[in-house]
Protein chains: 2
Amino acid sequence: MKPSALSKLGRRIALPRISWLMQAALSRPKLISLAAGFTDNPTLPTEISRKLLDGILRAPETGQPAMQYGITTGENNLRELTARHLQNLDRVRPAAPSHSPERLMITGGSQQLLYMTLEALCDEGDIILVEDPTYFVFLSILQSRGIRARGVELERDGIDLAHLELVLQRLKKAGELRRVKALYLVTYFQNPTGASTSFEKKAGALKILKQFERAAGHPIYLLEDAAYRELRFAGDDIRSALMVPGAARGVIYTGTYSKPFAPGARIGFGILPEPLFTAVQRVKGNHDFGTANLLQQLLARALEMGLYDLHVAKIEKRYGQKAHVMKRALVEFFPPSVEIWESGGGLYFWARLPGGISAGMDSKVFRAALKADVLYVPGELCYADDPARRKPANEMRISFGSASEENIREGIKRLGNVLKKFID
Amino acid sequence: MKPSALSKLGRRIALPRISWLMQAALSRPKLISLAAGFTDNPTLPTEISRKLLDGILRAPETGQPAMQYGITTGENNLRELTARHLQNLDRVRPAAPSHSPERLMITGGSQQLLYMTLEALCDEGDIILVEDPTYFVFLSILQSRGIRARGVELERDGIDLAHLELVLQRLKKAGELRRVKALYLVTYFQNPTGASTSFEKKAGALKILKQFERAAGHPIYLLEDAAYRELRFAGDDIRSALMVPGAARGVIYTGTYSKPFAPGARIGFGILPEPLFTAVQRVKGNHDFGTANLLQQLLARALEMGLYDLHVAKIEKRYGQKAHVMKRALVEFFPPSVEIWESGGGLYFWARLPGGISAGMDSKVFRAALKADVLYVPGELCYADDPARRKPANEMRISFGSASEENIREGIKRLGNVLKKFID
């Protein structure tokens, strides 16, 4: 074999294990996938988008700018509309400096913002604290960049604050605190567990991070990923970490229109404190000098005309119904000893098999499920490589996002039948 | 000041000097910008896009997939259409392995492909050889990532091959050859000079790179940036470096639909040899797991229905006319001692002032031009930081891309009047 010219990143970067799941899905036509994080197809805003794009492109004064290059940080109208949208969600007055459009950037999904933030923040060997478990593509970024992850135990209302403190104490003792750059929390209907972080825990986490900043020698940011915030069908919205008094300087907030509107018109956004904002803006200049204008204008129109809000109201109902179907099927078909974390939003339920039974990629349960033509995401894929604990293997992420109601029921039935063989 | 938590990249990344130019343009309403690399507004395909998007979104069987997540490497139909398009440009049979859709990836403009390729290829301290001068955003990426650039002299038909060999010899002598990863060439109507690389020079450059690979201990790639290839209004197309016999394994080719179709529907693409393709695919998975589907489907339709080709034929005429207006104005208003590089395509002419007269950012010429309400890109911004030579300061990039014919003439008149004050 010819020696390679690849960089350390190029050599290190691993095949996402989730890719294997995607391929498995493609090769079995009868397979019901409860694995994919795709959104619901029939409710995608094709008709709204068709009309809005028609309006934008029909008039040269809006059509030409939409088809031209724009500004690296995003179009000003969309930045302002997005800031106002966040102000409404957080029920804060428009002039709040924490929610200013000046601190807001438009990106290619919130994924791009996460990536660029890590570029601007972390060197190889640095440490990010994550929920245990957490969003696996975020873990892929860390892996590829040689950034270490340390897990913090997750409860139904967010991370265990006592454990956060313990992890930081241990890192301090080991002389590693200066490598800790941020705590990453998926705060709304978390991927993969569906858990939401209470406002009290956001405030508590920020307070703890602050206590360790002096010893770290620099800020330790709270990186709040709110990707699923607007896919809420039960309960009240929780205020973002931006609302913790005086904490705006320590919070990075990322959100997206992909999930609530359309993944195919990939627009995300983020709010960042300085000096991060400036650094990430420059990184964005090197990535693509600004996200596609046409998509930005589509979202701006949808927000401006109230169609976005109408659409979100529509999909809330839809996902509520799908979650309800999944819940009923779980009660009907799953062995009662399987612990279920239901969610009031998002796309996922979380299932925990009774101790000792593995649901991992190489487990009998996973193979039997695949044979029965039903796919889930093994929970172990969502755990960081953290030497301080073994990865639990007895969990599964099951999604009601893209499957039809009929397939949700049938998929859970198949999965339940598989589980019954291993649990009695 | 609070100490910062930024990474080395975050601390290092500089404000692109071009940003200052953009801001200057915004603050002077009467200013004529011959600086921007924007494309021609009135010929943007707003009406074509409106109709195509209407068709895509009206039918659920195409509208829903267009608004959903897709595949990391890009939609298969667009990959196939793009491969066929490249095969046509290079006049090669469809089955050519060098032009296979399997080796082709769809990205957010070709900029994103350049960025990801450098991520997968270069560590801090590695070396990329570039044309002297070259595309300044590429230089920004190198700067931010701590990658060193070494310039190779540029002639009217591409780099000076003897100088390329000399540069490589010197690097070999200095024990630096193992750090050299690629030679980056903007081969068609180059940004900033408008020069195109002959096929003979592409073949010659590849041969020279190959000679040094053994000593380097790994492949040294030719990274061919063909962003302006289809903005051709005079002369024949030149075959890409993919056509050099047996060279496909050493060539990375990047192209884009941004310039010939629409920057606001930002779709680019690239062809990469293994193991780079796999590494970049995984990087893309971490950046955004695939470019916005809606835009991919728009381009696929435009290609499929022949509307893309019709549009390219239209803008060729338009840019040809604008270049003609600029050429006539240059003859009329510029002092004859200014050397002009005309181009048969792209967006730029290149002007070289007689020795000793600076046109740089801090020069009297630049300040006088700004005062006269005309803006150009100082050529010095397009030169890499290379300790082996001083950056020439007596050059300017002047663009006929976005200004109207009237403004091109008036802008060149203003600039000519400024130059006459300094040159006699």
# chains A, B, ... in the order shown; residues from 1 in each chain; ligands from 1
>>> closest_atom_pairs(of="chain A", to="chain B", cutoff="7 Å", atoms="only C-alpha atoms", output="JSON lines")
{"residue": "A:Pro3", "atom": "CA", "partner": "B:His218", "partner_atom": "CA", "distance": 5.3}
{"residue": "A:Ser4", "atom": "CA", "partner": "B:His218", "partner_atom": "CA", "distance": 5.5}
{"residue": "A:Ala5", "atom": "CA", "partner": "B:His218", "partner_atom": "CA", "distance": 5.3}
{"residue": "A:Leu6", "atom": "CA", "partner": "B:Leu121", "partner_atom": "CA", "distance": 4.4}
{"residue": "A:Ser7", "atom": "CA", "partner": "B:Leu121", "partner_atom": "CA", "distance": 4.6}
{"residue": "A:Lys8", "atom": "CA", "partner": "B:Asp123", "partner_atom": "CA", "distance": 6.6}
{"residue": "A:Leu9", "atom": "CA", "partner": "B:Ala120", "partner_atom": "CA", "distance": 6.0}
{"residue": "A:Gly10", "atom": "CA", "partner": "B:Ala120", "partner_atom": "CA", "distance": 4.1}
{"residue": "A:Ile13", "atom": "CA", "partner": "B:Arg282", "partner_atom": "CA", "distance": 6.9}
{"residue": "A:Leu15", "atom": "CA", "partner": "B:Arg282", "partner_atom": "CA", "distance": 6.6}
{"residue": "A:Phe38", "atom": "CA", "partner": "B:Tyr69", "partner_atom": "CA", "distance": 6.7}
{"residue": "A:Asn41", "atom": "CA", "partner": "B:Gln64", "partner_atom": "CA", "distance": 6.0}
{"residue": "A:Leu44", "atom": "CA", "partner": "B:Gln64", "partner_atom": "CA", "distance": 6.4}
{"residue": "A:Thr46", "atom": "CA", "partner": "B:Leu57", "partner_atom": "CA", "distance": 5.4}
{"residue": "A:Glu47", "atom": "CA", "partner": "B:Leu57", "partner_atom": "CA", "distance": 6.7}
{"residue": "A:Arg50", "atom": "CA", "partner": "B:Asp54", "partner_atom": "CA", "distance": 5.7}
{"residue": "A:Leu53", "atom": "CA", "partner": "B:Arg50", "partner_atom": "CA", "distance": 6.9}
{"residue": "A:Asp54", "atom": "CA", "partner": "B:Arg50", "partner_atom": "CA", "distance": 5.7}
{"residue": "A:Leu57", "atom": "CA", "partner": "B:Thr46", "partner_atom": "CA", "distance": 5.4}
{"residue": "A:Arg58", "atom": "CA", "partner": "B:Glu47", "partner_atom": "CA", "distance": 6.8}
{"residue": "A:Gly63", "atom": "CA", "partner": "B:Thr46", "partner_atom": "CA", "distance": 5.9}
{"residue": "A:Gln64", "atom": "CA", "partner": "B:Asn41", "partner_atom": "CA", "distance": 6.0}
{"residue": "A:Ala66", "atom": "CA", "partner": "B:Gly264", "partner_atom": "CA", "distance": 5.7}
{"residue": "A:Met67", "atom": "CA", "partner": "B:Gly264", "partner_atom": "CA", "distance": 3.7}
{"residue": "A:Gln68", "atom": "CA", "partner": "B:Gly264", "partner_atom": "CA", "distance": 4.5}
{"residue": "A:Tyr69", "atom": "CA", "partner": "B:Pro263", "partner_atom": "CA", "distance": 5.2}
{"residue": "A:Gly108", "atom": "CA", "partner": "B:Asp288", "partner_atom": "CA", "distance": 6.9}
{"residue": "A:Gly109", "atom": "CA", "partner": "B:Asp288", "partner_atom": "CA", "distance": 6.9}
{"residue": "A:Gln111", "atom": "CA", "partner": "B:Asp288", "partner_atom": "CA", "distance": 5.5}
{"residue": "A:Gln112", "atom": "CA", "partner": "B:His287", "partner_atom": "CA", "distance": 5.2}
{"residue": "A:Tyr115", "atom": "CA", "partner": "B:His287", "partner_atom": "CA", "distance": 6.0}
{"residue": "A:Glu119", "atom": "CA", "partner": "B:Leu9", "partner_atom": "CA", "distance": 6.9}
{"residue": "A:Ala120", "atom": "CA", "partner": "B:Gly10", "partner_atom": "CA", "distance": 4.1}
{"residue": "A:Leu121", "atom": "CA", "partner": "B:Leu6", "partner_atom": "CA", "distance": 4.4}
{"residue": "A:Cys122", "atom": "CA", "partner": "B:Ser7", "partner_atom": "CA", "distance": 4.8}
{"residue": "A:Asp123", "atom": "CA", "partner": "B:Ser7", "partner_atom": "CA", "distance": 5.3}
{"residue": "A:Val137", "atom": "CA", "partner": "B:Asn286", "partner_atom": "CA", "distance": 6.5}
{"residue": "A:Ser140", "atom": "CA", "partner": "B:Asn286", "partner_atom": "CA", "distance": 6.7}
{"residue": "A:Ile141", "atom": "CA", "partner": "B:Asn286", "partner_atom": "CA", "distance": 5.6}
{"residue": "A:Lys181", "atom": "CA", "partner": "B:Ala5", "partner_atom": "CA", "distance": 6.5}
{"residue": "A:Gly217", "atom": "CA", "partner": "B:Pro3", "partner_atom": "CA", "distance": 6.8}
{"residue": "A:His218", "atom": "CA", "partner": "B:Ala5", "partner_atom": "CA", "distance": 5.3}
{"residue": "A:Pro219", "atom": "CA", "partner": "B:Ala5", "partner_atom": "CA", "distance": 6.0}
{"residue": "A:Ala262", "atom": "CA", "partner": "B:Met67", "partner_atom": "CA", "distance": 5.4}
{"residue": "A:Pro263", "atom": "CA", "partner": "B:Gln68", "partner_atom": "CA", "distance": 5.0}
{"residue": "A:Gly264", "atom": "CA", "partner": "B:Met67", "partner_atom": "CA", "distance": 3.7}
{"residue": "A:Ala265", "atom": "CA", "partner": "B:Ala292", "partner_atom": "CA", "distance": 5.5}
{"residue": "A:Arg266", "atom": "CA", "partner": "B:Ala292", "partner_atom": "CA", "distance": 5.4}
{"residue": "A:Ala279", "atom": "CA", "partner": "B:Gly10", "partner_atom": "CA", "distance": 5.5}
{"residue": "A:Arg282", "atom": "CA", "partner": "B:Leu15", "partner_atom": "CA", "distance": 6.6}
{"residue": "A:Asn286", "atom": "CA", "partner": "B:Ile141", "partner_atom": "CA", "distance": 5.6}
{"residue": "A:His287", "atom": "CA", "partner": "B:Gln112", "partner_atom": "CA", "distance": 5.2}
{"residue": "A:Asp288", "atom": "CA", "partner": "B:Gln111", "partner_atom": "CA", "distance": 5.5}
{"residue": "A:Ala292", "atom": "CA", "partner": "B:Gly264", "partner_atom": "CA", "distance": 5.0}
{"residue": "A:Asn293", "atom": "CA", "partner": "B:Gly264", "partner_atom": "CA", "distance": 4.6}
{"residue": "A:Leu294", "atom": "CA", "partner": "B:Gly264", "partner_atom": "CA", "distance": 5.3}
>>> select_by_dssp(residues="range 84-269 of chain B", states="helix (DSSP H, G or I)", output="PyMOL selection string")
chain B and resi 84-90+97-99+101-103+109-121+136-145+161-173+177-179+199-216+241-243+248-250+263-265
>>> closest_residue(among="B:Ile18, B:Met361, B:Ala205, B:Ile159", to="Gln190 in chain B", atoms="only C-alpha atoms")
B:Ile159
>>> residues_around(residues="Val365 in chain A", least_positions_apart="5", cutoff="8 Å", atoms="only C-alpha atoms", output="list in words")
Ser358, Ala359, Gly360, Val418, Leu419 and Phe422 of chain A
>>> atom_distance(atom1="CA of Glu304 in chain B", atom2="CA of Arg239 in chain B")
22.9 Å
>>> residues_around(residues="range 376-391 of chain A", least_positions_apart="3", cutoff="7 Å", atoms="only C-alpha atoms", output="compact mmCIF listing (two decimals) with N, CA and C atoms, in the first residue's frame")
# COMPACT_ATOMS: atom_id res chain seq x y z
N SER A 33 -37.56 1.23 9.99
CA SER A 33 -36.50 1.90 10.73
C SER A 33 -37.07 2.81 11.80
N LEU A 34 -36.79 2.45 13.04
CA LEU A 34 -37.08 3.35 14.16
C LEU A 34 -35.75 3.98 14.59
N ALA A 35 -34.78 3.92 13.67
CA ALA A 35 -33.44 4.41 13.98
C ALA A 35 -33.23 5.85 13.49
N ASP A 132 -24.20 12.00 29.42
CA ASP A 132 -23.97 10.57 29.27
C ASP A 132 -25.32 9.88 29.25
N PRO A 133 -25.91 9.59 28.10
CA PRO A 133 -25.41 9.66 26.71
C PRO A 133 -25.69 11.01 26.06
N THR A 134 -25.16 11.19 24.83
CA THR A 134 -25.34 12.44 24.10
C THR A 134 -25.46 12.19 22.60
N TYR A 135 -25.57 13.29 21.86
CA TYR A 135 -25.75 13.28 20.39
C TYR A 135 -24.51 12.70 19.72
N PHE A 136 -24.69 11.60 18.97
CA PHE A 136 -23.49 10.87 18.53
C PHE A 136 -22.68 11.58 17.45
N LEU A 139 -20.17 13.56 19.13
CA LEU A 139 -19.05 12.71 19.55
C LEU A 139 -18.10 12.41 18.38
N ALA A 149 -13.66 13.59 25.50
CA ALA A 149 -14.99 13.83 26.08
C ALA A 149 -15.03 13.19 27.46
N ARG A 150 -15.69 13.87 28.39
CA ARG A 150 -15.92 13.28 29.70
C ARG A 150 -17.41 13.34 29.98
N GLY A 151 -17.98 12.20 30.35
CA GLY A 151 -19.42 12.11 30.52
C GLY A 151 -19.90 12.56 31.90
N ALA A 359 -28.16 -4.52 24.20
CA ALA A 359 -28.86 -4.14 22.96
C ALA A 359 -27.87 -3.52 21.98
N GLY A 360 -26.58 -3.73 22.23
CA GLY A 360 -25.52 -3.10 21.43
C GLY A 360 -25.43 -3.65 20.01
N MET A 361 -24.55 -3.02 19.22
CA MET A 361 -24.39 -3.36 17.81
C MET A 361 -24.06 -4.84 17.60
N GLU A 395 -29.31 -0.19 26.28
CA GLU A 395 -30.29 0.85 25.97
C GLU A 395 -30.52 0.97 24.46
N MET A 396 -31.65 1.55 24.12
CA MET A 396 -31.96 1.77 22.71
C MET A 396 -32.70 3.08 22.50
N ARG A 397 -32.35 3.75 21.41
CA ARG A 397 -33.09 4.95 21.00
C ARG A 397 -34.08 4.53 19.94
N ILE A 398 -35.36 4.83 20.18
CA ILE A 398 -36.38 4.47 19.20
C ILE A 398 -37.10 5.74 18.78
>>> atom_distance(atom1="CA of Asp157 in chain B", atom2="CA of Val244 in chain B")
16.9 Å
>>> atom_distance(atom1="CA of Lys314 in chain B", atom2="CA of Leu104 in chain B")
27.0 Å
>>> residues_around(residues="Val92 in chain A", least_positions_apart="3", cutoff="12 Å", atoms="only C-alpha atoms", output="list in words")
Ala83, Arg84, His85, Leu86, Gln87, Asn88, Leu89, Ala95, Ala96, Pro97, Ser98, His99, Ser100, Arg239, Ser240, Leu242, Met243 and Val244 of chain A
>>> write_last_selection(atoms="C-alpha atoms", output="PDB file, in the first residue's frame")
ATOM      1  CA  ALA A  83     -33.413  37.026  17.323  1.00  0.00           C
ATOM      2  CA  ARG A  84     -37.037  38.126  17.731  1.00  0.00           C
ATOM      3  CA  HIS A  85     -38.167  34.515  17.480  1.00  0.00           C
ATOM      4  CA  LEU A  86     -35.786  33.538  20.293  1.00  0.00           C
ATOM      5  CA  GLN A  87     -36.917  36.529  22.343  1.00  0.00           C
ATOM      6  CA  ASN A  88     -40.493  35.286  21.991  1.00  0.00           C
ATOM      7  CA  LEU A  89     -39.564  31.740  22.986  1.00  0.00           C
ATOM      8  CA  ALA A  95     -33.789  44.873  23.584  1.00  0.00           C
ATOM      9  CA  ALA A  96     -32.250  42.114  25.742  1.00  0.00           C
ATOM     10  CA  PRO A  97     -28.527  42.145  24.984  1.00  0.00           C
ATOM     11  CA  SER A  98     -28.374  38.376  25.533  1.00  0.00           C
ATOM     12  CA  HIS A  99     -30.692  37.894  22.524  1.00  0.00           C
ATOM     13  CA  SER A 100     -29.297  40.588  20.222  1.00  0.00           C
ATOM     14  CA  ARG A 239     -36.310  29.133  29.180  1.00  0.00           C
ATOM     15  CA  SER A 240     -32.882  28.846  27.604  1.00  0.00           C
ATOM     16  CA  LEU A 242     -29.331  32.680  27.916  1.00  0.00           C
ATOM     17  CA  MET A 243     -31.908  33.686  30.552  1.00  0.00           C
ATOM     18  CA  VAL A 244     -29.761  32.818  33.553  1.00  0.00           C
TER      19      VAL A 244
END
>>> closest_residue(among="B:Glu153, B:Glu102, B:Glu176, B:Glu61", to="Arg79 in chain B", atoms="only C-alpha atoms")
B:Glu102
>>> residues_around(residues="range 196-203 of chain A", least_positions_apart="4", cutoff="6 Å", atoms="only C-alpha atoms", output="JSON, numbers by chain")
{"A": [157, 158, 187, 188, 189, 241, 244]}
>>> residues_around(residues="Ala329 in chain B", least_positions_apart="3", cutoff="9 Å", atoms="only C-alpha atoms", output="list in words")
His324, Val325, Met326, Glu332, Phe333, Phe334, Ile408, Arg409, Glu410, Ile412, Lys413 and Gly416 of chain B
>>> write_last_selection(atoms="N, CA and C atoms", output="mmCIF file, in the first residue's frame")
data_model
loop_
_atom_site.group_PDB
_atom_site.id
_atom_site.type_symbol
_atom_site.label_atom_id
_atom_site.label_comp_id
_atom_site.auth_asym_id
_atom_site.auth_seq_id
_atom_site.Cartn_x
_atom_site.Cartn_y
_atom_site.Cartn_z
ATOM 1 N N HIS B 324 -15.597 43.138 -22.778
ATOM 2 C CA HIS B 324 -15.308 43.992 -23.926
ATOM 3 C C HIS B 324 -15.400 45.474 -23.536
ATOM 4 N N VAL B 325 -16.436 45.808 -22.780
ATOM 5 C CA VAL B 325 -16.600 47.189 -22.305
ATOM 6 C C VAL B 325 -15.416 47.581 -21.426
ATOM 7 N N MET B 326 -15.002 46.678 -20.565
ATOM 8 C CA MET B 326 -13.865 46.992 -19.693
ATOM 9 C C MET B 326 -12.587 47.177 -20.514
ATOM 10 N N GLU B 332 -8.930 53.315 -23.377
ATOM 11 C CA GLU B 332 -9.236 54.744 -23.428
ATOM 12 C C GLU B 332 -8.694 55.517 -22.219
ATOM 13 N N PHE B 333 -8.792 54.926 -21.031
ATOM 14 C CA PHE B 333 -8.539 55.741 -19.828
ATOM 15 C C PHE B 333 -7.268 55.392 -19.054
ATOM 16 N N PHE B 334 -6.722 54.209 -19.235
ATOM 17 C CA PHE B 334 -5.542 53.842 -18.442
ATOM 18 C C PHE B 334 -4.272 54.336 -19.139
ATOM 19 N N ILE B 408 -18.865 49.953 -15.201
ATOM 20 C CA ILE B 408 -17.532 49.456 -15.561
ATOM 21 C C ILE B 408 -16.769 50.579 -16.262
ATOM 22 N N ARG B 409 -17.431 51.210 -17.228
ATOM 23 C CA ARG B 409 -16.781 52.288 -17.978
ATOM 24 C C ARG B 409 -16.432 53.459 -17.047
ATOM 25 N N GLU B 410 -17.381 53.846 -16.237
ATOM 26 C CA GLU B 410 -17.167 54.981 -15.334
ATOM 27 C C GLU B 410 -16.095 54.637 -14.284
ATOM 28 N N ILE B 412 -13.595 52.468 -14.533
ATOM 29 C CA ILE B 412 -12.267 52.440 -15.165
ATOM 30 C C ILE B 412 -11.807 53.868 -15.472
ATOM 31 N N LYS B 413 -12.749 54.717 -15.840
ATOM 32 C CA LYS B 413 -12.409 56.127 -16.090
ATOM 33 C C LYS B 413 -11.872 56.775 -14.807
ATOM 34 N N GLY B 416 -8.523 55.271 -14.017
ATOM 35 C CA GLY B 416 -7.529 55.774 -14.967
ATOM 36 C C GLY B 416 -7.079 57.177 -14.609
#
>>> select_by_dssp(residues="range 175-395 of chain A", states="strand (DSSP E or B)", output="ChimeraX atom specification")
/A:180-186,221-225,232,251-256,268-271,339-341,345,348-352,374-375,377-378,395
